[in-house]
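Trainee: Below you will find the structure I want to go over with you.
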Amino acid sequence: MLEPRGLQDVLTHQQGEERERALRALLMLPLLPAGRPALELVRRHAEYLRDWLGRETGWNLQVERQCARLYKRPATLDDATRGLPEFDRDRYVLLCLTCSVLERGEAQITLRALGERLLEAAADPELAARGFTCTLEAARERRSLVSVCRLLLDFGVLARVAGDEEAFVNQSGDVLYDVHRRVLARLPAGTRGASLVAATQPDLDFNERLAALVDEYVPDSPEGRRTALRHRLARRLLDDPVLYHDELTAEERDYLGSQRGPMAYRLAQAVGLTVELRAEGLALVDADGELSDEHLPAIGTEAHATLLVAEYLARAARLNDATIHSLHELAAFLRDAGDRYGRFWRKDARVAGAEVELATQAVNRLESLKLVRRVDGGVRSLPALHRYAIAEAQA
């Protein structure tokens, strides 16, 4: 039998593990719907999670019966690598229109009826003036709507009652959904609604409107500004694979000069990460790779090509890390690599010209991992890429 002190240690350890798992779950899926095992952990430790997130990041957490919503807001708005996989501008517009239709609809809706109402909403002349059209006549457009619906299924906004989405794409069937409006209402993470911004500040350009959506009140005092600064840095450390000093303002670099060790330790300890402090910046590394939406190495032709490009750039960076590499150069490298490794790649990746798309995908992936930076004329290696360099064998 455990002694009282030993039992207390076990319970404390278990509590710490549960809180870590709950935090990791919220960072991976900020809208955590019913049915996810981690939701029970979030409910159990809701008070601790609210306090920790509010103190360290300034993010709000709401926990309800149907979902838990962490209102993550980005530290920066100029990172083009963020976003949902395979979602371009038109699919994001489709997502917004779909949510608008669902918000005004009934508690149940069929996919066909959703499509019909969507066409009415998409007929707005302002959308057409900006190049957006949607007819749902082509299978490609119906598949885009299905992708949006499957995303909303993952979020818990929709629940499939009957039917199959592929049948809708093929025009041979339909799908019936339940609509969970309380979860739908939790989707927007801005501090102000888009309609309010449009009504009160109609002359803003796109970037200004985007900033207005997530604008937060900062007390005009030294303590208020320090807190906002700390929150910005913590958000970047939890959201980004690497934080480079040359990306920061002078004020942010000064703050990190004295606080980066304690801050990184607090975040890493709570979320189960490993701190890497380097001259060029710092990172919180997830050894399990759970918290990353991009992985390297990974399985598949594109992942293998990306790893080959990473090794190629890392070797070149050993000689001169300021070298700019063009997309044409990287495509030529992959064309040669195809002669050696092509038998392991997909058939369509081995045809003439496929190396350009492979090189583009590789650069996109490396940029999202903050291993390279796009510059005029191509890409330049960043310091974290050096870990992918393979040393020459020693005799």
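Each chain of the structure tokens is named A, B, ... in the order shown, its residues numbered from 1; ligands are numbered from 1 in display order.
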Which of stretch 25-164 of chain A end up as helix (DSSP H, G or I) when DSSP is run on this backbone - answer as JSON, numbers by chain?

Mentor: {"A": [25, 26, 27, 28, 37, 38, 39, 40, 41, 42, 43, 44, 46, 47, 48, 49, 50, 51, 52, 53, 54, 55, 56, 89, 90, 91, 92, 93, 94, 95, 96, 97, 98, 99, 100, 101, 102, 103, 104, 111, 112, 113, 114, 115, 116, 117, 118, 119, 120, 121, 122, 125, 126, 127, 128, 129, 139, 140, 141, 142, 143, 144, 145, 146, 147, 148, 149, 150, 151, 152, 153, 154, 155]}

Trainee: Stretch 198-305 of chain A near stretch 356-375 of chain A within 10 Å: what's each residue's closest atom pair and its distance in Å to one decimal, counting only C-alpha atoms, ordered by chain then ascending residue number, as a Markdown table?

Mentor:
```
| residue | atom | partner | partner_atom | distance |
| --- | --- | --- | --- | --- |
| A:Asp240 | CA | A:Leu369 | CA | 7.8 |
| A:Pro241 | CA | A:Leu369 | CA | 6.1 |
| A:Val242 | CA | A:Lys370 | CA | 6.4 |
| A:Leu243 | CA | A:Lys370 | CA | 8.5 |
| A:Tyr244 | CA | A:Lys370 | CA | 9.1 |
| A:Ser292 | CA | A:Leu369 | CA | 9.0 |
| A:Asp293 | CA | A:Leu369 | CA | 9.3 |
| A:Glu294 | CA | A:Leu369 | CA | 7.0 |
| A:His295 | CA | A:Leu369 | CA | 8.3 |
| A:Leu296 | CA | A:Leu369 | CA | 8.8 |
| A:Thr301 | CA | A:Leu358 | CA | 8.6 |
| A:Glu302 | CA | A:Leu358 | CA | 6.3 |
| A:Ala303 | CA | A:Ala362 | CA | 7.6 |
| A:His304 | CA | A:Ala362 | CA | 9.1 |
| A:Ala305 | CA | A:Ala362 | CA | 6.6 |
```

Trainee: At a cut-off of 10 Å, using only C-alpha atoms, what residues contact A:Gly272? Leave out same-chain residues fewer than 2 positions from it and give the result as a list in words.

Mentor: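 Returned residues: Glu17, Glu20, Arg21, Leu23, Arg24, Leu267, Ala268, Gln269, Ala270, Thr274, Val275, Leu284, Val285, Asp286, Ala287 and Asp288 of chain A.
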
Trainee: So that I can see what lies close to A:Glu106, please list as a list in words the residues with an atom at most 9 Å from it, counting only C-alpha atoms and leaving out residues fewer than 3 positions away in the same chain.

Mentor: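 The filter keeps Leu102, Glu103, Ile109, Asp178 and Val179 of chain A.
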
Trainee: If you count only C-alpha atoms, which residues fall within 12 Å of A:Leu229, apart from same-chain ones fewer than 6 positions away, as a list in words?

Mentor: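 Contacts, with the query itself left out: Glu56, Thr57, Gly58, Ala75, Val218, Pro219, Pro222, Glu223, Arg235, Arg236, Leu248, Thr249, Ala250, Glu251, Glu252, Arg253, Asp254, Tyr255, Leu256 and Gln259 of chain A.
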
Trainee: Could you write out the selected residues, including N, CA, C and O atoms, as a PDB file, in the first residue's frame?

Mentor:
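Generated output (result-v6.pdb):
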```
ATOM      1  N   GLU A  56      -0.103  33.181 -19.739  1.00  0.00           N
ATOM      2  CA  GLU A  56       1.071  33.001 -20.589  1.00  0.00           C
ATOM      3  C   GLU A  56       0.874  33.507 -22.021  1.00  0.00           C
ATOM      4  O   GLU A  56       1.829  33.947 -22.654  1.00  0.00           O
ATOM      5  N   THR A  57      -0.341  33.408 -22.554  1.00  0.00           N
ATOM      6  CA  THR A  57      -0.549  33.731 -23.962  1.00  0.00           C
ATOM      7  C   THR A  57      -1.600  34.810 -24.217  1.00  0.00           C
ATOM      8  O   THR A  57      -1.653  35.373 -25.304  1.00  0.00           O
ATOM      9  N   GLY A  58      -2.459  35.057 -23.239  1.00  0.00           N
ATOM     10  CA  GLY A  58      -3.555  35.996 -23.474  1.00  0.00           C
ATOM     11  C   GLY A  58      -4.686  35.395 -24.289  1.00  0.00           C
ATOM     12  O   GLY A  58      -5.604  36.107 -24.696  1.00  0.00           O
ATOM     13  N   ALA A  75       0.347  35.713 -33.523  1.00  0.00           N
ATOM     14  CA  ALA A  75       1.224  36.816 -33.132  1.00  0.00           C
ATOM     15  C   ALA A  75       1.517  37.720 -34.311  1.00  0.00           C
ATOM     16  O   ALA A  75       1.769  38.908 -34.155  1.00  0.00           O
ATOM     17  N   VAL A 218      -4.722  46.951 -25.300  1.00  0.00           N
ATOM     18  CA  VAL A 218      -3.496  46.907 -24.510  1.00  0.00           C
ATOM     19  C   VAL A 218      -3.480  48.122 -23.592  1.00  0.00           C
ATOM     20  O   VAL A 218      -3.516  49.270 -24.071  1.00  0.00           O
ATOM     21  N   PRO A 219      -3.465  47.926 -22.278  1.00  0.00           N
ATOM     22  CA  PRO A 219      -3.419  49.076 -21.358  1.00  0.00           C
ATOM     23  C   PRO A 219      -2.212  49.967 -21.646  1.00  0.00           C
ATOM     24  O   PRO A 219      -1.113  49.474 -21.904  1.00  0.00           O
ATOM     25  N   PRO A 222       3.439  50.798 -18.742  1.00  0.00           N
ATOM     26  CA  PRO A 222       4.605  49.917 -18.961  1.00  0.00           C
ATOM     27  C   PRO A 222       4.277  48.443 -18.729  1.00  0.00           C
ATOM     28  O   PRO A 222       4.696  47.577 -19.503  1.00  0.00           O
ATOM     29  N   GLU A 223       3.502  48.140 -17.680  1.00  0.00           N
ATOM     30  CA  GLU A 223       3.158  46.757 -17.392  1.00  0.00           C
ATOM     31  C   GLU A 223       2.257  46.171 -18.471  1.00  0.00           C
ATOM     32  O   GLU A 223       2.419  45.020 -18.888  1.00  0.00           O
ATOM     33  N   ARG A 235       3.029  33.273 -27.965  1.00  0.00           N
ATOM     34  CA  ARG A 235       2.203  32.755 -29.065  1.00  0.00           C
ATOM     35  C   ARG A 235       3.074  32.253 -30.206  1.00  0.00           C
ATOM     36  O   ARG A 235       2.803  31.204 -30.798  1.00  0.00           O
ATOM     37  N   ARG A 236       4.115  32.990 -30.514  1.00  0.00           N
ATOM     38  CA  ARG A 236       4.996  32.582 -31.602  1.00  0.00           C
ATOM     39  C   ARG A 236       5.752  31.306 -31.243  1.00  0.00           C
ATOM     40  O   ARG A 236       5.947  30.419 -32.077  1.00  0.00           O
ATOM     41  N   LEU A 248      12.375  39.593 -35.117  1.00  0.00           N
ATOM     42  CA  LEU A 248      11.749  40.310 -34.023  1.00  0.00           C
ATOM     43  C   LEU A 248      12.067  41.798 -34.081  1.00  0.00           C
ATOM     44  O   LEU A 248      13.054  42.221 -34.676  1.00  0.00           O
ATOM     45  N   THR A 249      11.224  42.564 -33.417  1.00  0.00           N
ATOM     46  CA  THR A 249      11.503  43.992 -33.255  1.00  0.00           C
ATOM     47  C   THR A 249      12.597  44.163 -32.209  1.00  0.00           C
ATOM     48  O   THR A 249      12.910  43.247 -31.441  1.00  0.00           O
ATOM     49  N   ALA A 250      13.168  45.339 -32.147  1.00  0.00           N
ATOM     50  CA  ALA A 250      14.217  45.618 -31.157  1.00  0.00           C
ATOM     51  C   ALA A 250      13.670  45.431 -29.749  1.00  0.00           C
ATOM     52  O   ALA A 250      14.363  44.908 -28.856  1.00  0.00           O
ATOM     53  N   GLU A 251      12.433  45.840 -29.529  1.00  0.00           N
ATOM     54  CA  GLU A 251      11.806  45.696 -28.213  1.00  0.00           C
ATOM     55  C   GLU A 251      11.658  44.219 -27.847  1.00  0.00           C
ATOM     56  O   GLU A 251      11.920  43.822 -26.695  1.00  0.00           O
ATOM     57  N   GLU A 252      11.262  43.408 -28.810  1.00  0.00           N
ATOM     58  CA  GLU A 252      11.110  41.974 -28.542  1.00  0.00           C
ATOM     59  C   GLU A 252      12.456  41.313 -28.278  1.00  0.00           C
ATOM     60  O   GLU A 252      12.574  40.450 -27.392  1.00  0.00           O
ATOM     61  N   ARG A 253      13.472  41.699 -29.026  1.00  0.00           N
ATOM     62  CA  ARG A 253      14.806  41.119 -28.789  1.00  0.00           C
ATOM     63  C   ARG A 253      15.335  41.514 -27.416  1.00  0.00           C
ATOM     64  O   ARG A 253      15.949  40.698 -26.722  1.00  0.00           O
ATOM     65  N   ASP A 254      15.107  42.740 -26.999  1.00  0.00           N
ATOM     66  CA  ASP A 254      15.555  43.183 -25.676  1.00  0.00           C
ATOM     67  C   ASP A 254      14.876  42.375 -24.578  1.00  0.00           C
ATOM     68  O   ASP A 254      15.509  41.972 -23.596  1.00  0.00           O
ATOM     69  N   TYR A 255      13.573  42.133 -24.756  1.00  0.00           N
ATOM     70  CA  TYR A 255      12.835  41.368 -23.744  1.00  0.00           C
ATOM     71  C   TYR A 255      13.373  39.937 -23.663  1.00  0.00           C
ATOM     72  O   TYR A 255      13.611  39.405 -22.568  1.00  0.00           O
ATOM     73  N   LEU A 256      13.578  39.330 -24.837  1.00  0.00           N
ATOM     74  CA  LEU A 256      14.081  37.960 -24.846  1.00  0.00           C
ATOM     75  C   LEU A 256      15.492  37.871 -24.289  1.00  0.00           C
ATOM     76  O   LEU A 256      15.897  36.831 -23.769  1.00  0.00           O
ATOM     77  N   GLN A 259      14.690  37.331 -20.686  1.00  0.00           N
ATOM     78  CA  GLN A 259      13.583  36.479 -20.258  1.00  0.00           C
ATOM     79  C   GLN A 259      13.432  35.194 -21.058  1.00  0.00           C
ATOM     80  O   GLN A 259      12.558  34.390 -20.752  1.00  0.00           O
TER      81      GLN A 259
END
```

Trainee: Taking the DSSP secondary structure from the backbone, can you list the residues of stretch 253-382 of chain A that are strand (DSSP E), as a ChimeraX atom specification?

Mentor: /A:274-278,281-285,324-325,372-375,378-381

Trainee: Any idea what's packed within 12 Å of A:Arg340, counting only C-alpha atoms, ignoring anything in its chain fewer than 5 positions away? Could you give it as a JSON list (two decimals) with all heavy atoms, in the first residue's frame?

Mentor:
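New file part.json:
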```
[["chain", "number", "residue", "atom", "x", "y", "z"],
["A", 305, "ALA", "N", 11.23, 14.00, -51.59],
["A", 305, "ALA", "CA", 11.83, 15.07, -52.38],
["A", 305, "ALA", "C", 12.18, 16.27, -51.50],
["A", 305, "ALA", "O", 13.23, 16.89, -51.67],
["A", 305, "ALA", "CB", 10.87, 15.51, -53.50],
["A", 308, "LEU", "N", 15.35, 15.52, -49.59],
["A", 308, "LEU", "CA", 16.51, 15.62, -50.48],
["A", 308, "LEU", "C", 16.89, 17.08, -50.71],
["A", 308, "LEU", "O", 18.08, 17.44, -50.68],
["A", 308, "LEU", "CB", 16.21, 14.94, -51.82],
["A", 308, "LEU", "CG", 16.08, 13.41, -51.81],
["A", 308, "LEU", "CD1", 15.62, 12.91, -53.17],
["A", 308, "LEU", "CD2", 17.41, 12.77, -51.43],
["A", 333, "PHE", "N", 18.08, 19.84, -59.64],
["A", 333, "PHE", "CA", 18.62, 18.89, -58.66],
["A", 333, "PHE", "C", 17.69, 17.69, -58.51],
["A", 333, "PHE", "O", 18.13, 16.53, -58.49],
["A", 333, "PHE", "CB", 18.82, 19.58, -57.32],
["A", 333, "PHE", "CG", 18.99, 18.63, -56.17],
["A", 333, "PHE", "CD1", 20.17, 17.92, -56.00],
["A", 333, "PHE", "CD2", 17.95, 18.41, -55.27],
["A", 333, "PHE", "CE1", 20.32, 17.03, -54.95],
["A", 333, "PHE", "CE2", 18.09, 17.52, -54.22],
["A", 333, "PHE", "CZ", 19.28, 16.83, -54.06],
["A", 334, "LEU", "N", 16.36, 17.95, -58.42],
["A", 334, "LEU", "CA", 15.41, 16.85, -58.27],
["A", 334, "LEU", "C", 15.30, 16.02, -59.53],
["A", 334, "LEU", "O", 15.06, 14.80, -59.46],
["A", 334, "LEU", "CB", 14.03, 17.40, -57.88],
["A", 334, "LEU", "CG", 13.90, 17.88, -56.43],
["A", 334, "LEU", "CD1", 12.52, 18.47, -56.18],
["A", 334, "LEU", "CD2", 14.17, 16.74, -55.45],
["A", 335, "ARG", "N", 15.50, 16.64, -60.69],
["A", 335, "ARG", "CA", 15.49, 15.86, -61.93],
["A", 335, "ARG", "C", 16.63, 14.84, -61.91],
["A", 335, "ARG", "O", 16.46, 13.68, -62.28],
["A", 335, "ARG", "CB", 15.62, 16.79, -63.13],
["A", 335, "ARG", "CG", 15.51, 16.06, -64.48],
["A", 335, "ARG", "CD", 15.38, 17.02, -65.63],
["A", 335, "ARG", "NE", 16.52, 17.94, -65.71],
["A", 335, "ARG", "CZ", 16.44, 19.25, -65.47],
["A", 335, "ARG", "NH1", 15.29, 19.81, -65.13],
["A", 335, "ARG", "NH2", 17.52, 20.01, -65.57],
["A", 345, "TRP", "N", 9.53, 6.56, -56.25],
["A", 345, "TRP", "CA", 8.54, 7.63, -56.33],
["A", 345, "TRP", "C", 7.30, 7.19, -57.07],
["A", 345, "TRP", "O", 7.32, 6.21, -57.82],
["A", 345, "TRP", "CB", 9.15, 8.85, -57.03],
["A", 345, "TRP", "CG", 10.27, 9.50, -56.28],
["A", 345, "TRP", "CD1", 10.75, 9.16, -55.05],
["A", 345, "TRP", "CD2", 11.06, 10.61, -56.72],
["A", 345, "TRP", "NE1", 11.78, 9.98, -54.69],
["A", 345, "TRP", "CE2", 12.00, 10.88, -55.71],
["A", 345, "TRP", "CE3", 11.07, 11.39, -57.87],
["A", 345, "TRP", "CZ2", 12.93, 11.92, -55.80],
["A", 345, "TRP", "CZ3", 11.99, 12.42, -57.98],
["A", 345, "TRP", "CH2", 12.91, 12.68, -56.95],
["A", 350, "ARG", "N", 7.68, 10.97, -61.93],
["A", 350, "ARG", "CA", 8.89, 10.65, -62.68],
["A", 350, "ARG", "C", 8.83, 11.15, -64.12],
["A", 350, "ARG", "O", 9.81, 11.03, -64.85],
["A", 350, "ARG", "CB", 9.11, 9.13, -62.69],
["A", 350, "ARG", "CG", 9.25, 8.53, -61.30],
["A", 350, "ARG", "CD", 9.85, 7.13, -61.34],
["A", 350, "ARG", "NE", 9.04, 6.20, -62.10],
["A", 350, "ARG", "CZ", 8.12, 5.40, -61.57],
["A", 350, "ARG", "NH1", 7.88, 5.45, -60.26],
["A", 350, "ARG", "NH2", 7.43, 4.57, -62.32]]
```

Trainee: As a PDB file with C-alpha atoms, in the first residue's frame, please: the residues near A:Gly115 (cut-off 10 Å, only C-alpha atoms, same-chain neighbours under 3 positions excluded).

Mentor:
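Dumped to around-v1.pdb:
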```
ATOM      1  CA  THR A  98     -21.384  27.716 -46.042  1.00  0.00           C
ATOM      2  CA  VAL A 101     -26.044  29.494 -44.788  1.00  0.00           C
ATOM      3  CA  THR A 110     -29.252  18.088 -46.689  1.00  0.00           C
ATOM      4  CA  LEU A 111     -26.119  18.650 -48.707  1.00  0.00           C
ATOM      5  CA  ARG A 112     -28.212  19.301 -51.806  1.00  0.00           C
ATOM      6  CA  LEU A 118     -25.095  28.443 -51.241  1.00  0.00           C
ATOM      7  CA  LEU A 119     -25.679  29.333 -54.881  1.00  0.00           C
ATOM      8  CA  GLU A 120     -28.065  32.089 -53.795  1.00  0.00           C
ATOM      9  CA  ALA A 121     -25.450  33.504 -51.420  1.00  0.00           C
ATOM     10  CA  CYS A 134     -19.633  29.007 -57.891  1.00  0.00           C
ATOM     11  CA  THR A 135     -22.189  27.002 -59.887  1.00  0.00           C
ATOM     12  CA  LEU A 136     -21.681  23.473 -58.461  1.00  0.00           C
ATOM     13  CA  ARG A 142     -19.016  19.880 -55.745  1.00  0.00           C
ATOM     14  CA  LEU A 145     -18.124  21.887 -51.114  1.00  0.00           C
ATOM     15  CA  VAL A 146     -17.683  18.336 -49.814  1.00  0.00           C
TER      16      VAL A 146
END
```

Trainee: Kindly give the distance, in Å, that separates atom CA of A:Asp203 and atom CA of A:Leu97, rounded to a single decimal.

Mentor: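 It comes out at 23.0 Å.
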
Trainee: Could you tell me how far atom CA of A:Ala389 sits from atom CA of A:Tyr312, in Å to one decimal place?

Mentor: 7.7 Å

Trainee: Which is closer to A:Asp339 than all the others in A:Thr227, A:Ala352, A:Glu47, A:Gly54, using only C-alpha atoms?

Mentor: A:Ala352

Trainee: Between atom CA of A:Gly193 and atom CA of A:Leu70, what distance in Å does the model show, to one decimal?

Mentor: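 Here the two named atoms are 17.1 Å from each other.
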